[in-house]
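Okay, so here's the structure we're looking at.
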Amino acid sequence: MSVILDARGLCKSFGAVTAAAEVNAAIEKDSVVGLIGTNGAGKTTFINMITGYLKPDRGTIQYEGRDITPLPPREITRLGICRSFQIPQLYPSLSVRENMMVGIGIVLRNAGRGGFFSRGHALVPGHEAPAEDVAERILARFGLADYAGRNAQVLPGGVRKLLDIALTMVARPRVLLLDEPTSGVSSQEKFGIMQMVLDAVRAEGATVLFVEHDMEVVSRFAARVLAFYDGRIIADAAPSVALADPEVRRHVVGRLKAAHA
Amino acid sequence: MRRDRTLVILAVSFVALAAGGPWLPQWAMFIVTIAIAQGLVALGLMLLLRAGLVSFGQALFYCLGAYAAGALGRFVGISDIFVEMLVGGALAAFTAFILGFLLARYRGIFFGLLSLALSMILYGLLVKNEALGSTDGFNILASTLVGVRPRPDWVRYAVLVSAAAVALIAALLVHRYLNTPLGRLAPAIKDNEIRVEYMGASARRAVHVKYVIAAALAGVGGALAATAVGHIDPEMAYWTTSGEFIFITILAGTGSVVAPFVGALIYGAIHTTAYDLSPNTWQMSLGAALLALIVFLPEGLWSLFTRHVRHS
Amino acid sequence: MKIVNVTHGSFYAIGAYAAASLTAAWLAQGYPPFGSYAVLVLAAIVVGAPFAIAIERVILRTMYARDEVVILLVTYALFLILEDVIKLIWGVNPYFIAEPYALLGSFEVAGMAYPTYNLVLVAAALVFGGGLAWVLHSTRAGKLLLAVIHDPEVSRAMGVNVGRYYLATFTLGSLLAALAGAFTAPTVSVVPGLGVDVIVLSFAVVVIGGLGSLPGAALGALIVGVVRSLSVHYMPQVELFVIYFVMAVVLAVRPRGLFSLAEPRRI
């Protein structure tokens with residue numbers, strides 16, 4: 001399997017806080033990787049560095065052999081790496097459909113279509129359909145069709161999460177980084193949501209990295225686990241192996257205590 | 001269909017002005033022309049406001065446009081109104097293009113105050129400049145239209161129709177722009193710039209473009225106002241002038257490209273009435289009117305019109 | 001308070017006018033001229049406070065939930081209204097009260113006569129600035145005020161009477177503006193439009209210093225004052241706008257001003 005994303009020697013500090021210390025991770029194409037770790041372990045910083053929001057103090061990030069370390073988020077998105085956020089980043093004053101349309105509009109414009117001098121309905125690259133249809137399609141795929149006209153501000157938490165993820169699908173990503181896709185969702189719904197998301201995403205043939213705190217979800221959906229602690233990766237293996245690792249047990253998962261009588 | 005309605009309104013207004021113009025008294029023609037000039041500036045402000053940016057310094061470009069028009073007459077002998085507007089708009093656009101590299105990086109109050117600072121710099125430069133008349137400014141040549149010099153009593157009408165034509169074109173172009181992906185990016189930039197960046201667009205570039213467009217509109221408006229008034233002075237770059245434009249934009253609301261012009265007309269009416277009723281307290285009346293607007297009609301006057309026509 | 005307050009300029013003018021008219025009355029009555037300093041201060045406070053309280057309670061209070069641009073426009077509207085209110089109360093003729101200024105005479109510095117009154121101004125600035133800093137950082141009320149400004153919702157949830165703090169903040173700020181006007185009154189002729197130039201300059205000062213930073217504002221004021229004086233002396237043709245130029249330069253180098261507060265993490 002070829003490596004699509006390769007992080008080498010990433011280091012990042014904020015004053016006295018070390019968010020990343022020599023982080024190395026080679027992500028293979030079409031894999032599904034789970035990122036686990038307690039809060040503050042460096043998972044989101046890792047995603048922020050890959051997507052260009054933060055620049056590492058040292059280290060490089062290669063995407064399909066190309067160095068993307070200095071690029072800003074918009075360039076990295078255009079190259080095919082998209083992400084969702086821990087706290088959903090939406091456009092609160094716009095409706096769900098309008099949220100999608102803004103994103104689709106950007107994709108159109110980046111492809112040079114639908115601008116000032118164009119006529120008629122431009123086709124969205126990658127989907128080869130007019131913008132409105134693409135929006136409907138993606139919203140339906142995520143079960144958001146009923147919310148299409150609602151204002152993003154008034155959406156319930158789980159729906160906001162889904163919209164946030166749906167927005168990442170607009171640009172047809174090759175690599176998708178999901179930051180806590182099931183947080184704020186009840187434990188019964190987590191599996192359903194994760195399945196829906198992965199089905200929608202994998203249908204496009206994307207490599208997925210997701211941050212998750214629920215170890216059952218991780219075991220079920222990830223083929224590989226990266227465990228973070230204190231800015232370092234302390235385990236990099238299949239879920240069954242990683243979750244049994246004593247270091248991971250101590251710092252991330254917790255040890256099973258004997259049941260009370 | 002909202003799009004068609006805008007086109008219809010614009011076209012009808014133009015025809016009405018052109019046809020009914022000759023019957024208007026001179027002072028009315030003057031007021032409408034000034035309203036169109038101010039409306040152009042407000043149109044540009046509306047573009048920026050949709051992206052969440054308030055420029056307190058559009059007077060900079062308004063003044064540049066005016067002085068360009070004046071300079072054309074004074075130093076080159078050109079008095080053609082279309083050339084004046086073109087040059088005014090171009091000079092303003094060019095200046096905005098340069099300044100935009102700095103300004104497009106800022107948001108909120110910093111954007112506002114920086115734009116203000118830039119307009120005050122122009123004010124200071126002009127006041128100290130003897131060649132351009134310093135605080136007195138100078139007069140502008142009577143307008144000609146594509147080489148034709150209208151009879152003295154037809155000048156105002158000629159200016160009015162030219163203004164209306166330019167406004168029509170400008171409004172149509174802006175309307176079209178607002179329906180492009182870049183144009184529709186404005187509320188997104190206002191709401192969540194991080195999301196915009198992460199979707200693959202440069203908010204800074206979009207703001208830069210809008211700033212240049214707004215400047216061009218203000219420059220054309222300034223040139224137009226200059227020819228209508230017949231005189232230019234540095235006061236056109238003072239922050240209180242920018243304040244007037246902002247007043248008009250808020251009055252109008254951001255609902256349609258027609259709104260700024262309607263807003264400018266109403267502002268002119270309020271201003272004139274307030275001044276006639278009580279010349280010593282016209283500022284108070286204006287302030288009270290603005291306050292009342294903000295409290296009771298936060299979306300601007302245009303929202304009155306669209307309230308019945310809500311589409312799902 | 002996270003509002004840009006154009007009305008601040010009006011309070012400067014109100015302070016100047018109040019000081020001028022009341023000091024003139026004081027001196028006309030034949031009271032001791034040295035008492036005029038107290039009159040200056042009292043006039044600013046006594047006249048400024050009712051205006052501030054009225055404005056905050058009646059108008060501003062209903063606007064806090066709105067967009068910051070809207071609040072700015074509200075203060076702009078109030079500024080327009082107050083400009084004419086001032087004219088109605090005090091008329092359009094200039095007021096001169098040179099006595100507090102002249103009384104102190106001047107002293108020699110490097111071969112030039114320097115008015116002693118200016119030292120009073122500097123001293124006043126230090127006292128009030130220092131006093132404000134002390135109140136904000138060392139008293140319980142001051143610290144609560146900082147908390148309220150930072151996050152009114154959390155403060156409210158903790159039982160702080162946010163409305164009262166907003167009133168106090170606005171009044172305090174406006175009174176400071178009034179005092180500034182009062183102290184400046186003896187050095188200029190008090191005319192309509194006094195507030196107009198000042199307000200834009202003070203925004204420049206605050207922006208240069210960094211929003212929300214007291215030491216920044218002090219530094220900003222110092223920079224503005226020095227630059228202005230230098231330009232009047234060496235390059236008078238740029239005097240009018242040099243300060244805006246400085247502001248543009250500062251913002252280009254430090255986008256949030258010289259002393260900017262740390263930004264919390266967004267994502």
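Just so we're on the same page: first chain in the structure tokens is A, next is B, and so on; residues restart at 1 for each chain, and ligands are numbered from 1 in the order they show up.
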
message: So that I can see what lies close to Val4 in chain C, please list as a VMD selection string the residues with an atom at most 9 Å from it, counting only C-alpha atoms and leaving out residues fewer than 4 positions away in the same chain.
response: (chain B and resid 109) or (chain C and resid 68 to 69 71 to 72 75 203)

Let's have the selection written as an mmCIF file, in the first residue's frame, with C-alpha atoms.
```cif
data_model
loop_
_atom_site.group_PDB
_atom_site.id
_atom_site.type_symbol
_atom_site.label_atom_id
_atom_site.label_comp_id
_atom_site.auth_asym_id
_atom_site.auth_seq_id
_atom_site.Cartn_x
_atom_site.Cartn_y
_atom_site.Cartn_z
ATOM 1 C CA ILE B 109 -12.932 48.009 14.142
ATOM 2 C CA GLU C 68 -20.890 46.036 17.386
ATOM 3 C CA VAL C 69 -21.314 48.095 14.222
ATOM 4 C CA ILE C 71 -23.736 50.105 18.636
ATOM 5 C CA LEU C 72 -21.140 52.278 16.991
ATOM 6 C CA THR C 75 -23.130 56.292 19.539
ATOM 7 C CA PHE C 203 -9.479 56.373 18.416
#
```

- request: Output as number ranges by chain the set of chain A residues within 9 Å of chain B, with distances taken over only C-alpha atoms.
  value: A: 51, 72-78, 82-83, 89-94, 99, 101-110, 114-116, 149, 167-168, 170-171

message: If we count only C-alpha atoms and set the cut-off at 8 Å, which residues sit around Phe14 in chain B, ignoring sequence neighbours fewer than 4 positions away in its own chain? Please answer as a VMD selection string.
response: chain B and resid 10 18 164 to 165 168

With a distance threshold of 10 Å and counting only C-alpha atoms, extract the residues of chain A near chain C and express them as an mmCIF file with C-alpha atoms, in the first residue's frame.
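Contents of the output file iface-v9.cif:
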```cif
data_model
loop_
_atom_site.group_PDB
_atom_site.id
_atom_site.type_symbol
_atom_site.label_atom_id
_atom_site.label_comp_id
_atom_site.auth_asym_id
_atom_site.auth_seq_id
_atom_site.Cartn_x
_atom_site.Cartn_y
_atom_site.Cartn_z
ATOM 1 C CA THR A 44 -6.073 18.380 17.262
ATOM 2 C CA THR A 45 -2.677 20.079 17.038
ATOM 3 C CA ASN A 48 -4.055 21.596 12.656
ATOM 4 C CA TYR A 53 -3.563 26.063 10.321
ATOM 5 C CA PHE A 85 -13.910 20.343 13.495
ATOM 6 C CA GLN A 86 -14.242 19.510 17.155
ATOM 7 C CA ILE A 87 -16.620 22.446 17.474
ATOM 8 C CA PRO A 88 -18.623 22.528 14.219
ATOM 9 C CA GLN A 89 -17.594 25.475 12.092
#
```

message: With 6 Å as the limit and counting only C-alpha atoms, what residues in chain B lie close to chain C? Please list them as a list in words.
response: Ala117, Ile121, Gly124, Lys128, Thr281, Gln283, Met284, Gly287, Leu290 and Leu291 of chain B

- prompt: Quick one: residues within 10 Å of Cys63 in chain B, only C-alpha atoms counted, chain neighbours fewer than 3 positions away excluded, as a list in words?
  reply: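 The residues that qualify are Gln58, Ala59, Leu60, Ala66, Tyr67, Ala68, Ala69, Gly88, Ala92, Ser119, Leu122, Tyr123, Leu126, Ala218, Gly219, Val220, Gly221, Gly222, Ala223, Ala225, Ala226, Ile232, Asp233, Pro234, Glu235, Met236, Ala237, Tyr238 and Thr241 of chain B.
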
- request: To one decimal in Å, tell me the separation between CA of Ala264 in chain B and CA of Phe82 in chain B.
  value: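 Calculated distance between CA of Ala264 in chain B and CA of Phe82 in chain B is 21.7 Å.
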
- request: Give me the residues within 10 Å of Asp80 in chain B as a list of chain:residue names, counting only C-alpha atoms and dropping any in the same chain fewer than 6 places off.
  value: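 Result of the neighbour search: B:Ala69, B:Leu72, B:Gly73, B:Leu141, B:Ala142, B:Ser143, B:Thr144, B:Leu145, B:Val146, B:Gly147, B:Val148, B:Arg149, B:Thr227.
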
field: Nearest to Gly42 in chain A by atom-to-atom distance, counting only C-alpha atoms, from A:Gly184, A:Gly231, A:Gly120, A:Gly9
entry: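 When distances to Gly42 in chain A are compared using only C-alpha atoms, the smallest one comes from A:Gly231.
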
- prompt: Mind checking DSSP for range 143-236 of chain B and telling me the helix (DSSP H, G or I) residues as a PyMOL selection string?
  reply: chain B and resi 152-178+183-191+193-198+203-229+234-236

message: Taking 3 positions as the minimum chain separation for residues in the same chain, which residues sit within 12 Å of Tyr106 in chain B when counting only C-alpha atoms? Answer as a PyMOL selection string.
response: (chain B and resi 52-55+99-103+109-115+193+203-205+207-208+211) or (chain C and resi 248+251-252+254-257)

message: What's around Ala131 in chain B at 12 Å? Count only C-alpha atoms, leave out sequence neighbours fewer than 6 positions away in its own chain, and write the answer as a VMD selection string.
response: chain B and resid 67 71 74 to 75 125 137 to 138

Output N, CA and C atoms of each residue in that selection to a file, as a tab-separated table (two decimals), in the first residue's frame.
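Okay, this is what ended up in part30.tsv:
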```tsv
chain	number	residue	atom	x	y	z
B	67	TYR	N	-11.61	65.04	-7.15
B	67	TYR	CA	-10.43	65.82	-7.53
B	67	TYR	C	-9.89	65.40	-8.89
B	71	ALA	N	-9.35	67.98	-11.68
B	71	ALA	CA	-8.03	68.14	-12.27
B	71	ALA	C	-8.09	68.00	-13.78
B	74	ARG	N	-9.20	71.34	-14.90
B	74	ARG	CA	-8.31	72.45	-14.60
B	74	ARG	C	-6.98	72.35	-15.30
B	75	PHE	N	-6.43	71.14	-15.40
B	75	PHE	CA	-5.09	71.02	-15.95
B	75	PHE	C	-5.05	70.47	-17.37
B	125	LEU	N	-3.40	65.99	3.35
B	125	LEU	CA	-2.58	66.32	2.18
B	125	LEU	C	-3.23	67.42	1.35
B	137	GLY	N	-10.43	74.61	-2.05
B	137	GLY	CA	-10.71	73.76	-3.19
B	137	GLY	C	-10.74	74.59	-4.46
B	138	PHE	N	-11.42	74.08	-5.47
B	138	PHE	CA	-11.55	74.89	-6.69
B	138	PHE	C	-12.79	74.47	-7.45
```

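Minimum distance to Ala28 in chain B across B:Leu265, B:Ile248, B:Val87, B:Val295 (counting only C-alpha atoms) occurs at B:Leu265.
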
message: One number please: CA of Glu212 in chain A to CA of Leu162 in chain A, in Å, one decimal.
response: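 These atoms are spaced 15.2 Å apart.
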